[in-house]
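Text of the file target.txt, holding compact mmCIF, C-alpha atoms:
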# COMPACT_ATOMS: atom_id res chain seq x y z
CA MET A 19 0.00 0.00 0.00
CA ASP A 20 2.40 2.71 -1.04
CA THR A 21 -0.19 4.68 -2.98
CA GLN A 22 -0.56 7.08 -0.07
CA GLU A 23 3.22 7.57 -0.13
CA ASP A 24 3.17 8.17 -3.88
CA ILE A 25 0.41 10.71 -3.40
CA GLU A 26 2.47 12.43 -0.71
CA ARG A 27 5.48 12.49 -3.04
CA LEU A 28 3.31 13.95 -5.80
CA ILE A 29 2.07 16.65 -3.44
CA GLU A 30 5.66 17.45 -2.45
CA ALA A 31 6.74 17.64 -6.09
CA MET A 32 3.84 19.95 -6.94
CA ALA A 33 4.55 22.10 -3.87
CA ARG A 34 8.01 22.85 -5.25
CA LEU A 35 6.51 24.62 -8.25
CA PRO A 36 6.65 28.41 -8.06
CA GLY A 37 3.32 29.83 -6.93
CA LEU A 38 2.25 26.65 -5.15
CA GLY A 39 2.78 25.72 -1.53
CA PRO A 40 2.01 22.55 0.44
CA ARG A 41 -1.63 23.48 0.91
CA SER A 42 -2.40 24.49 -2.68
CA ALA A 43 -0.40 21.52 -3.97
CA ARG A 44 -2.60 19.23 -1.89
CA ARG A 45 -5.72 20.86 -3.31
CA ALA A 46 -4.38 20.53 -6.84
CA VAL A 47 -3.50 16.86 -6.36
CA LEU A 48 -6.92 16.07 -4.86
CA HIS A 49 -8.52 17.78 -7.83
CA LEU A 50 -6.42 15.63 -10.15
CA LEU A 51 -7.20 12.44 -8.21
CA LYS A 52 -10.90 13.11 -8.57
CA ARG A 53 -10.57 13.60 -12.30
CA ARG A 54 -8.09 10.88 -13.00
CA ASP A 55 -9.02 10.03 -16.56
CA ASP A 56 -9.69 13.45 -17.99
CA ARG A 57 -7.13 15.49 -16.04
CA LEU A 58 -4.45 13.52 -14.18
CA LEU A 59 -3.39 10.99 -16.81
CA PRO A 60 -3.54 13.44 -19.77
CA LEU A 61 -1.48 15.97 -17.77
CA ALA A 62 1.09 13.29 -16.95
CA GLN A 63 1.35 12.30 -20.60
CA LEU A 64 1.63 15.89 -21.79
CA MET A 65 4.38 16.64 -19.27
CA ASP A 66 6.25 13.55 -20.32
CA LYS A 67 5.88 14.43 -24.01
CA VAL A 68 7.06 18.02 -23.53
CA GLY A 69 9.88 16.80 -21.29
CA ARG A 70 11.11 14.43 -23.96
CA GLU A 71 10.76 16.87 -26.86
CA VAL A 72 12.04 20.09 -25.47
CA ARG A 73 15.60 21.32 -25.89
CA GLU A 74 17.44 24.61 -25.65
CA CYS A 75 17.98 26.34 -28.99
CA LEU A 76 21.72 26.17 -29.64
CA ASN A 77 21.55 29.54 -31.34
CA CYS A 78 19.45 31.75 -29.06
CA GLY A 79 18.60 29.78 -25.91
CA ASN A 80 14.83 29.68 -26.53
CA VAL A 81 12.95 26.42 -25.96
CA ALA A 82 13.09 24.29 -29.09
CA ALA A 83 11.96 20.95 -30.45
CA GLY A 84 15.29 20.27 -32.14
CA ASP A 85 18.67 21.98 -32.13
CA ILE A 86 17.25 25.24 -33.48
CA CYS A 87 14.05 26.91 -32.27
CA ALA A 88 11.09 27.88 -34.43
CA ILE A 89 11.99 31.58 -34.32
CA CYS A 90 15.62 31.07 -35.35
CA ALA A 91 14.48 28.72 -38.11
CA ALA A 92 11.73 31.00 -39.45
CA ASP A 93 12.57 32.51 -42.84
CA LYS A 94 9.99 35.22 -42.37
CA ARG A 95 11.77 36.91 -39.51
CA GLY A 96 14.47 39.47 -40.21
CA ASN A 97 18.10 38.90 -39.29
CA GLY A 98 18.78 42.60 -38.85
CA GLN A 99 17.59 42.93 -35.26
CA ILE A 100 18.27 40.81 -32.21
CA CYS A 101 16.20 41.43 -29.11
CA VAL A 102 18.20 40.40 -26.04
CA VAL A 103 16.08 39.15 -23.12
CA GLU A 104 16.90 37.66 -19.73
CA ASP A 105 14.62 34.69 -19.87
CA VAL A 106 12.35 32.59 -22.07
CA ALA A 107 9.42 34.10 -20.14
CA ASP A 108 10.44 37.53 -21.43
CA LEU A 109 10.69 36.22 -24.99
CA TRP A 110 7.16 34.82 -24.63
CA ALA A 111 5.96 38.18 -23.31
CA MET A 112 7.39 39.95 -26.38
CA GLU A 113 5.85 37.34 -28.69
CA ARG A 114 2.45 37.66 -27.00
CA ALA A 115 2.58 41.42 -27.54
CA ASN A 116 3.32 40.65 -31.18
CA VAL A 117 5.40 43.78 -31.62
CA PHE A 118 8.76 42.45 -32.83
CA GLN A 119 9.59 40.61 -36.04
CA GLY A 120 13.32 40.02 -35.61
CA ARG A 121 15.25 37.34 -33.76
CA TYR A 122 15.86 36.88 -30.05
CA HIS A 123 18.74 36.05 -27.80
CA VAL A 124 18.01 34.63 -24.36
CA LEU A 125 20.80 35.36 -21.88
CA GLY A 126 19.45 32.92 -19.33
CA GLY A 127 19.64 35.27 -16.36
CA THR A 128 21.44 38.37 -15.21
CA LEU A 129 24.96 38.98 -13.98
CA SER A 130 25.04 38.51 -10.26
CA PRO A 131 28.41 38.39 -8.50
CA LEU A 132 26.69 37.50 -5.22
CA ASP A 133 25.12 34.39 -6.78
CA ASP A 134 28.32 33.63 -8.64
CA VAL A 135 26.79 34.30 -12.07
CA GLY A 136 29.47 35.73 -14.34
CA PRO A 137 29.46 36.59 -18.07
CA GLU A 138 30.52 33.05 -18.96
CA ASP A 139 27.36 31.67 -17.29
CA LEU A 140 25.12 33.77 -19.52
CA ARG A 141 24.90 33.37 -23.27
CA ILE A 142 27.05 36.46 -23.95
CA PRO A 143 29.93 34.89 -25.96
CA ARG A 144 27.34 33.29 -28.27
CA LEU A 145 25.70 36.72 -28.73
CA ARG A 146 29.05 38.17 -29.79
CA ASP A 147 29.42 35.36 -32.36
CA ARG A 148 25.94 36.03 -33.70
CA VAL A 149 26.63 39.74 -34.12
CA ALA A 150 29.79 38.83 -36.05
CA THR A 151 28.16 36.25 -38.36
CA GLU A 152 24.44 37.00 -38.80
CA GLY A 153 24.60 40.46 -40.37
CA VAL A 154 23.00 42.05 -37.33
CA GLU A 155 22.37 45.79 -37.53
CA GLU A 156 20.76 46.46 -34.19
CA ILE A 157 20.85 44.87 -30.76
CA ILE A 158 17.78 45.76 -28.71
CA LEU A 159 18.45 45.29 -25.01
CA ALA A 160 15.07 44.25 -23.59
CA LEU A 161 16.25 43.35 -20.13
CA ASN A 162 14.11 43.92 -17.07
CA ALA A 163 14.12 47.46 -15.69
CA THR A 164 15.61 46.17 -12.42
CA VAL A 165 19.06 46.88 -11.03
CA ASP A 166 20.30 43.42 -12.09
CA GLY A 167 18.73 43.73 -15.53
CA GLN A 168 20.17 47.18 -16.17
CA THR A 169 23.62 46.21 -14.87
CA THR A 170 23.62 43.28 -17.26
CA ALA A 171 22.41 45.49 -20.12
CA HIS A 172 25.27 47.87 -19.42
CA TYR A 173 27.76 45.02 -19.48
CA VAL A 174 26.39 43.56 -22.73
CA ALA A 175 26.44 46.98 -24.37
CA ARG A 176 30.09 47.46 -23.42
CA GLU A 177 30.99 43.99 -24.67
CA LEU A 178 29.38 44.61 -28.04
CA GLU A 179 30.72 48.14 -28.49
CA PRO A 180 33.83 47.02 -30.46
CA THR A 181 31.61 45.27 -33.04
CA GLY A 182 30.15 48.62 -34.11
CA VAL A 183 26.56 47.27 -34.08
CA ALA A 184 23.82 49.74 -33.08
CA ILE A 185 22.72 49.11 -29.50
CA THR A 186 19.36 50.30 -28.20
CA GLY A 187 17.33 49.70 -25.06
CA LEU A 188 13.61 49.66 -24.30
CA ALA A 189 12.21 53.06 -23.36
CA GLN A 190 11.47 53.68 -19.71
CA GLY A 191 8.46 55.75 -18.70
CA VAL A 192 4.87 55.62 -17.56
CA PRO A 193 3.20 52.34 -18.65
CA VAL A 194 0.15 52.67 -20.91
CA GLY A 195 -2.88 53.09 -18.66
CA GLY A 196 -0.67 54.07 -15.72
CA GLU A 197 -1.64 56.84 -13.32
CA LEU A 198 1.05 59.31 -12.25
CA ASP A 199 -0.17 59.20 -8.67
CA TYR A 200 0.81 55.53 -8.45
CA MET A 201 4.21 55.79 -10.15
CA ASP A 202 7.42 55.61 -8.16
CA ASP A 203 9.98 58.43 -8.28
CA GLY A 204 12.34 56.58 -10.58
CA THR A 205 9.66 56.00 -13.20
CA LEU A 206 8.57 59.64 -13.12
CA ARG A 207 12.18 60.80 -13.38
CA ALA A 208 12.78 58.48 -16.38
CA ALA A 209 9.51 59.54 -18.03
CA LEU A 210 10.33 63.22 -17.61
CA SER A 211 13.92 63.05 -18.77
CA SER A 212 12.92 61.00 -21.86
CA ARG A 213 9.96 63.28 -22.68
CA ARG A 214 9.01 63.52 -26.33
CA LYS A 215 7.78 66.36 -28.52
CA TYR A 216 3.99 66.32 -28.53
CA MET Y 1 7.52 22.09 -34.80
CA ASP Y 2 4.59 21.46 -32.51
CA THR Y 3 6.61 21.67 -29.31
CA GLN Y 4 5.43 25.22 -28.73
CA GLU Y 5 1.86 23.97 -29.13
CA ASP Y 6 2.48 21.16 -26.65
CA ILE Y 7 3.92 23.66 -24.21
CA GLU Y 8 0.83 25.85 -24.64
CA ARG Y 9 -1.40 22.84 -24.03
CA LEU Y 10 0.61 21.99 -20.93
CA ILE Y 11 0.21 25.55 -19.64
CA GLU Y 12 -3.55 25.37 -20.28
CA ALA Y 13 -3.80 22.04 -18.46
CA MET Y 14 -1.86 23.41 -15.48
CA ALA Y 15 -3.96 26.58 -15.47
CA ARG Y 16 -7.07 24.46 -14.87
CA LEU Y 17 -5.72 23.30 -11.52
CA PRO Y 18 -7.30 25.01 -8.52
CA GLY Y 19 -5.08 27.79 -7.22
CA LEU Y 20 -3.31 28.31 -10.53
CA GLY Y 21 -4.22 30.72 -13.32
CA PRO Y 22 -2.77 31.28 -16.79
CA ARG Y 23 0.08 33.41 -15.48
CA SER Y 24 1.15 31.19 -12.61
CA ALA Y 25 0.75 28.11 -14.82
CA ARG Y 26 3.14 29.67 -17.32
CA ARG Y 27 5.65 30.36 -14.56
CA ALA Y 28 5.32 26.82 -13.28
CA VAL Y 29 5.80 25.31 -16.75
CA LEU Y 30 8.84 27.49 -17.43
CA HIS Y 31 10.28 26.38 -14.13
CA LEU Y 32 9.69 22.77 -15.14
CA LEU Y 33 11.18 23.29 -18.61
CA LYS Y 34 14.34 24.66 -17.07
CA ARG Y 35 14.65 21.67 -14.76
CA ARG Y 36 13.59 18.99 -17.18
CA ASP Y 37 15.54 16.06 -15.82
CA ASP Y 38 15.18 16.60 -12.10
CA ARG Y 39 11.68 18.09 -12.00
CA LEU Y 40 9.59 17.80 -15.18
CA LEU Y 41 10.16 14.17 -16.12
CA PRO Y 42 10.01 12.81 -12.53
CA LEU Y 43 6.79 14.76 -11.93
CA ALA Y 44 5.29 13.34 -15.14
CA GLN Y 45 6.21 9.80 -14.08
CA LEU Y 46 4.88 10.25 -10.56
CA MET Y 47 1.58 11.62 -11.89
CA ASP Y 48 1.27 8.73 -14.27
CA LYS Y 49 2.07 6.21 -11.52
CA VAL Y 50 -0.44 7.69 -9.10
CA GLY Y 51 -3.01 7.95 -11.87
CA ARG Y 52 -2.65 4.27 -12.68
CA GLU Y 53 -2.62 3.06 -9.09
CA VAL Y 54 -5.28 5.10 -7.44
CA ARG Y 55 -8.87 3.96 -6.96
CA GLU Y 56 -11.81 4.85 -4.78
CA CYS Y 57 -12.24 2.64 -1.73
CA LEU Y 58 -15.44 0.64 -2.34
CA ASN Y 59 -16.18 0.76 1.36
CA CYS Y 60 -15.60 4.36 2.43
CA GLY Y 61 -14.73 6.43 -0.66
CA ASN Y 62 -11.17 7.27 0.40
CA VAL Y 63 -8.39 7.04 -2.17
CA ALA Y 64 -7.04 3.51 -2.30
CA ALA Y 65 -4.50 1.38 -4.10
CA GLY Y 66 -6.89 -1.55 -4.50
CA ASP Y 67 -10.59 -2.06 -3.81
CA ILE Y 68 -10.24 -1.26 -0.11
CA CYS Y 69 -8.24 1.66 1.32
CA ALA Y 70 -5.46 1.38 3.90
CA ILE Y 71 -7.69 2.71 6.68
CA CYS Y 72 -10.58 0.31 6.02
CA ALA Y 73 -8.08 -2.56 5.78
CA ALA Y 74 -6.16 -1.66 8.97
CA ASP Y 75 -6.78 -4.12 11.82
CA LYS Y 76 -5.56 -1.64 14.38
CA ARG Y 77 -8.40 0.80 13.86
CA GLY Y 78 -11.64 0.33 15.75
CA ASN Y 79 -14.91 -0.50 14.01
CA GLY Y 80 -17.02 1.20 16.66
CA GLN Y 81 -16.81 4.73 15.30
CA ILE Y 82 -17.26 6.09 11.78
CA CYS Y 83 -16.25 9.68 11.11
CA VAL Y 84 -18.34 11.03 8.22
CA VAL Y 85 -16.55 13.68 6.12
CA GLU Y 86 -17.45 15.52 2.93
CA ASP Y 87 -14.26 14.98 1.07
CA VAL Y 88 -10.95 13.10 0.97
CA ALA Y 89 -9.27 16.42 1.85
CA ASP Y 90 -11.21 16.46 5.13
CA LEU Y 91 -10.20 12.87 5.85
CA TRP Y 92 -6.57 13.88 5.28
CA ALA Y 93 -7.00 16.84 7.62
CA MET Y 94 -8.32 14.54 10.37
CA GLU Y 95 -5.47 12.08 9.79
CA ARG Y 96 -2.87 14.86 9.91
CA ALA Y 97 -4.30 15.98 13.24
CA ASN Y 98 -3.92 12.37 14.38
CA VAL Y 99 -6.88 12.60 16.76
CA PHE Y 100 -9.15 9.81 15.54
CA GLN Y 101 -8.52 6.07 15.54
CA GLY Y 102 -11.76 4.77 14.02
CA ARG Y 103 -12.91 4.44 10.41
CA TYR Y 104 -14.07 7.07 7.96
CA HIS Y 105 -16.83 7.51 5.47
CA VAL Y 106 -16.36 10.01 2.64
CA LEU Y 107 -19.67 11.34 1.33
CA GLY Y 108 -18.07 12.88 -1.74
CA GLY Y 109 -19.71 16.30 -1.40
CA THR Y 110 -22.76 17.90 0.14
CA LEU Y 111 -26.40 17.88 -0.79
CA SER Y 112 -27.07 20.74 -3.17
CA PRO Y 113 -30.43 20.88 -4.91
CA LEU Y 114 -29.22 23.85 -7.00
CA ASP Y 115 -26.33 21.81 -8.40
CA ASP Y 116 -28.55 18.76 -8.72
CA VAL Y 117 -26.71 16.78 -6.05
CA GLY Y 118 -29.20 14.55 -4.24
CA PRO Y 119 -28.74 11.86 -1.56
CA GLU Y 120 -28.23 9.19 -4.22
CA ASP Y 121 -25.17 11.11 -5.56
CA LEU Y 122 -23.47 10.99 -2.18
CA ARG Y 123 -22.34 7.80 -0.45
CA ILE Y 124 -25.29 7.79 1.96
CA PRO Y 125 -26.88 4.38 1.12
CA ARG Y 126 -23.46 2.76 1.59
CA LEU Y 127 -23.17 4.46 4.99
CA ARG Y 128 -26.52 2.97 6.02
CA ASP Y 129 -25.26 -0.48 4.97
CA ARG Y 130 -22.08 -0.02 7.00
CA VAL Y 131 -24.02 0.97 10.10
CA ALA Y 132 -26.11 -2.17 9.69
CA THR Y 133 -23.20 -4.58 9.14
CA GLU Y 134 -20.03 -3.25 10.80
CA GLY Y 135 -21.13 -3.12 14.43
CA VAL Y 136 -20.92 0.67 14.49
CA GLU Y 137 -21.71 2.33 17.80
CA GLU Y 138 -21.20 5.98 16.94
CA ILE Y 139 -21.41 8.08 13.80
CA ILE Y 140 -19.40 11.30 14.14
CA LEU Y 141 -20.60 13.89 11.64
CA ALA Y 142 -17.45 15.87 10.77
CA LEU Y 143 -18.91 17.90 7.95
CA ASN Y 144 -17.83 21.45 7.28
CA ALA Y 145 -19.44 24.11 9.47
CA THR Y 146 -20.98 25.69 6.38
CA VAL Y 147 -24.66 25.88 5.45
CA ASP Y 148 -24.27 23.07 2.92
CA GLY Y 149 -22.25 20.95 5.32
CA GLN Y 150 -24.71 21.36 8.15
CA THR Y 151 -27.73 20.75 5.92
CA THR Y 152 -26.14 17.52 4.77
CA ALA Y 153 -25.27 16.56 8.35
CA HIS Y 154 -28.89 17.10 9.32
CA TYR Y 155 -30.07 14.89 6.46
CA VAL Y 156 -27.61 12.11 7.27
CA ALA Y 157 -28.58 12.20 10.95
CA ARG Y 158 -32.26 11.85 10.05
CA GLU Y 159 -31.54 9.00 7.66
CA LEU Y 160 -29.60 7.07 10.31
CA GLU Y 161 -32.02 7.72 13.15
CA PRO Y 162 -34.01 4.46 12.61
CA THR Y 163 -30.82 2.39 13.01
CA GLY Y 164 -30.49 3.51 16.64
CA VAL Y 165 -26.77 4.28 16.28
CA ALA Y 166 -25.43 7.17 18.40
CA ILE Y 167 -24.95 10.26 16.22
CA THR Y 168 -22.63 13.09 17.24
CA GLY Y 169 -21.25 16.17 15.53
CA LEU Y 170 -18.01 18.13 15.93
CA ALA Y 171 -18.21 20.89 18.53
CA GLN Y 172 -18.54 24.43 17.26
CA GLY Y 173 -16.75 27.24 19.10
CA VAL Y 174 -13.72 29.48 19.16
CA PRO Y 175 -10.77 27.77 17.40
CA VAL Y 176 -7.66 27.18 19.51
CA GLY Y 177 -5.54 30.34 19.33
CA GLY Y 178 -8.51 32.37 18.11
CA GLU Y 179 -9.14 35.90 19.32
CA LEU Y 180 -12.71 36.84 20.20
CA ASP Y 181 -12.30 40.21 18.48
CA TYR Y 182 -11.91 38.42 15.12
CA MET Y 183 -14.71 35.89 15.53
CA ASP Y 184 -17.99 36.26 13.65
CA ASP Y 185 -21.30 36.45 15.49
CA GLY Y 186 -22.28 32.87 14.64
CA THR Y 187 -19.10 31.46 16.13
CA LEU Y 188 -19.49 33.49 19.31
CA ARG Y 189 -23.12 32.45 19.64
CA ALA Y 190 -22.20 28.76 19.18
CA ALA Y 191 -19.29 29.05 21.62
CA LEU Y 192 -21.48 30.69 24.23
CA SER Y 193 -24.43 28.34 23.94
CA SER Y 194 -22.13 25.27 24.11
CA ARG Y 195 -20.12 26.66 27.05
CA ARG Y 196 -18.60 24.13 29.41
CA LYS Y 197 -18.07 24.02 33.14
CA TYR Y 198 -14.61 25.38 33.93
For the structure just supplied, provide its representation as structure tokens.
Amino acid sequence: MDTQEDIERLIEAMARLPGLGPRSARRAVLHLLKRRDDRLLPLAQLMDKVGREVRECLNCGNVAAGDICAICAADKRGNGQICVVEDVADLWAMERANVFQGRYHVLGGTLSPLDDVGPEDLRIPRLRDRVATEGVEEIILALNATVDGQTTAHYVARELEPTGVAITGLAQGVPVGGELDYMDDGTLRAALSSRRKY
Amino acid sequence: MDTQEDIERLIEAMARLPGLGPRSARRAVLHLLKRRDDRLLPLAQLMDKVGREVRECLNCGNVAAGDICAICAADKRGNGQICVVEDVADLWAMERANVFQGRYHVLGGTLSPLDDVGPEDLRIPRLRDRVATEGVEEIILALNATVDGQTTAHYVARELEPTGVAITGLAQGVPVGGELDYMDDGTLRAALSSRRKY
């Protein structure tokens, strides 16, 4: 009778997911147990399938089915621009917004001396290679507007300077729909100093 | 290249779990994708294993590995008392508290005419059979202290009345560690009317 143990192990495994804790994991598992055939088993199979298929794109670091991801392999997308992001989640956010038609480069994190993450742990050397070989005209640094993100952006920009490629960064300012009253000082300062002609 | 589609399907499946939404499901899936070998694939296997093993105990409705659950099969537990709960989650809560050594009976929900849940949808006939055959002396109604739970408790008590078995319910009052200032009127009323000699 180790089913109860297996269930406990499943709850523990689910509780390790971000956003879930022991209590919500238990609820989720109970929900799955009650709907074994239409939820639990299909979810298990889907996870297994994705787990077996998925790789890291050797070119850009995106998730991929083979060695090269769908975006790197797409003929339709232009080679001229590379949008540099921290994480696959950020790439997905850009793709959901459907505002960029170039290629991506996923660094896989930010520089963080405290956590022992140096340039060689991110995908920066590979980015330098791509700039040299892919006919890139512009590198768009779309890193998070956090201290870590901006430090990393600064480092990447300095690294790529010798290549002569144009380097840009996302604008900082008031988000669309944002109310000034709720903005922090830094955002207001950035929005004011980058003000545009009306 | 349907990996992206599979990933989207996985996110949708995860988002249907209680406590998760589209955004947290995406975060969870990304987390799993990054830790494919030590998180994603083991979780998939564990889910599949549990999904294949788990059944509903024919006797009490608990989750079980075979036809009869570990609690119903345990010799150590007394037959004299049956603790009636709404859900497997409630049974787990009682077992975690480690305060009850008898058997359980899981109704599988509460009566709810609006949702079309009648007595025949719960495990009430089976409970009547158990009272008749298992030498039960006391039925402890441990249903939630909600309107639905208490309505169902009332119904079950009335159904079992002819059998002559003793029927009790969990005490209602101030929870241990609770502060009066934060209690609702109903709790205070119940606590006062069920006051005990000090």
Using all atoms listed in the file and a distance of at most 9 Å, pull out the residues of chain A that contact chain Y, as a ChimeraX atom specification.
/A:19-22,24-25,27-28,31-32,35-38,42-51,54-55,57-73,81-84,87-88,106-107
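Relative to atom CA of A:Val183, atom CA of A:Glu155 is found at 5.6 Å.
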Taking all atoms listed in the file into account, name the residue in Y:Asn98, Y:Gly186, Y:Ala73, Y:Cys83 that is nearest to Y:Leu127.
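Among the listed residues, Y:Cys83 lies closest to Y:Leu127.
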Do you have the atom CA of A:Val102-atom CA of A:Ile157 distance handy?
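Spanning atom CA of A:Val102 to atom CA of A:Ile157 is a straight-line distance of 7.0 Å.
Here atom CA of Y:Val99 is placed at a distance of 16.7 Å from atom CA of Y:Cys72.
Among the candidates A:Tyr173, A:Tyr122, A:Tyr216, A:Tyr200, the residue lying nearest to A:Gly98 is A:Tyr122 (atoms considered: only C-alpha atoms).
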Neighbour residues at most 7 Å from (23.4, 32.8, -36.5) (all atoms listed in the file) as a PyMOL selection string
chain A and resi 77+148+151-152
Just checking: using all atoms listed in the file, which residue out of A:Asp139, A:Gln99, A:Val124, A:Asp93 ends up closest to A:Leu76?
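Smallest separation from A:Leu76 among the options: A:Val124.
The nearest approach to A:Ile89 among the residues A:Leu125, A:Leu109, A:Val103, A:Leu161, with all atoms listed in the file taken into account, belongs to A:Leu109.
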Between Y:Ala166, Y:Ile124, Y:Leu192, Y:Cys57, which has the minimum distance to Y:Leu180 (counting all atoms listed in the file)?
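Of Y:Ala166, Y:Ile124, Y:Leu192, Y:Cys57, the one nearest Y:Leu180 is Y:Leu192, counting all atoms listed in the file.
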Name the residues, using the chain letters and numbers of the file, that sit within 12 Å of (21.4, 52.9, -25.5) when counting all atoms listed in the file, and give them as a VMD selection string.
chain A and resid 156 to 160 168 171 to 176 178 to 179 183 to 190
So that I have them on file, write out the residues from the current selection with C-alpha atoms, as a PDB file, in the frame of the given file.
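Just written: selection_6.pdb:
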ATOM      1  CA  GLU A 156      20.760  46.460 -34.190  1.00  0.00           C
ATOM      2  CA  ILE A 157      20.850  44.870 -30.760  1.00  0.00           C
ATOM      3  CA  ILE A 158      17.780  45.760 -28.710  1.00  0.00           C
ATOM      4  CA  LEU A 159      18.450  45.290 -25.010  1.00  0.00           C
ATOM      5  CA  ALA A 160      15.070  44.250 -23.590  1.00  0.00           C
ATOM      6  CA  GLN A 168      20.170  47.180 -16.170  1.00  0.00           C
ATOM      7  CA  ALA A 171      22.410  45.490 -20.120  1.00  0.00           C
ATOM      8  CA  HIS A 172      25.270  47.870 -19.420  1.00  0.00           C
ATOM      9  CA  TYR A 173      27.760  45.020 -19.480  1.00  0.00           C
ATOM     10  CA  VAL A 174      26.390  43.560 -22.730  1.00  0.00           C
ATOM     11  CA  ALA A 175      26.440  46.980 -24.370  1.00  0.00           C
ATOM     12  CA  ARG A 176      30.090  47.460 -23.420  1.00  0.00           C
ATOM     13  CA  LEU A 178      29.380  44.610 -28.040  1.00  0.00           C
ATOM     14  CA  GLU A 179      30.720  48.140 -28.490  1.00  0.00           C
ATOM     15  CA  VAL A 183      26.560  47.270 -34.080  1.00  0.00           C
ATOM     16  CA  ALA A 184      23.820  49.740 -33.080  1.00  0.00           C
ATOM     17  CA  ILE A 185      22.720  49.110 -29.500  1.00  0.00           C
ATOM     18  CA  THR A 186      19.360  50.300 -28.200  1.00  0.00           C
ATOM     19  CA  GLY A 187      17.330  49.700 -25.060  1.00  0.00           C
ATOM     20  CA  LEU A 188      13.610  49.660 -24.300  1.00  0.00           C
ATOM     21  CA  ALA A 189      12.210  53.060 -23.360  1.00  0.00           C
ATOM     22  CA  GLN A 190      11.470  53.680 -19.710  1.00  0.00           C
TER      23      GLN A 190
END
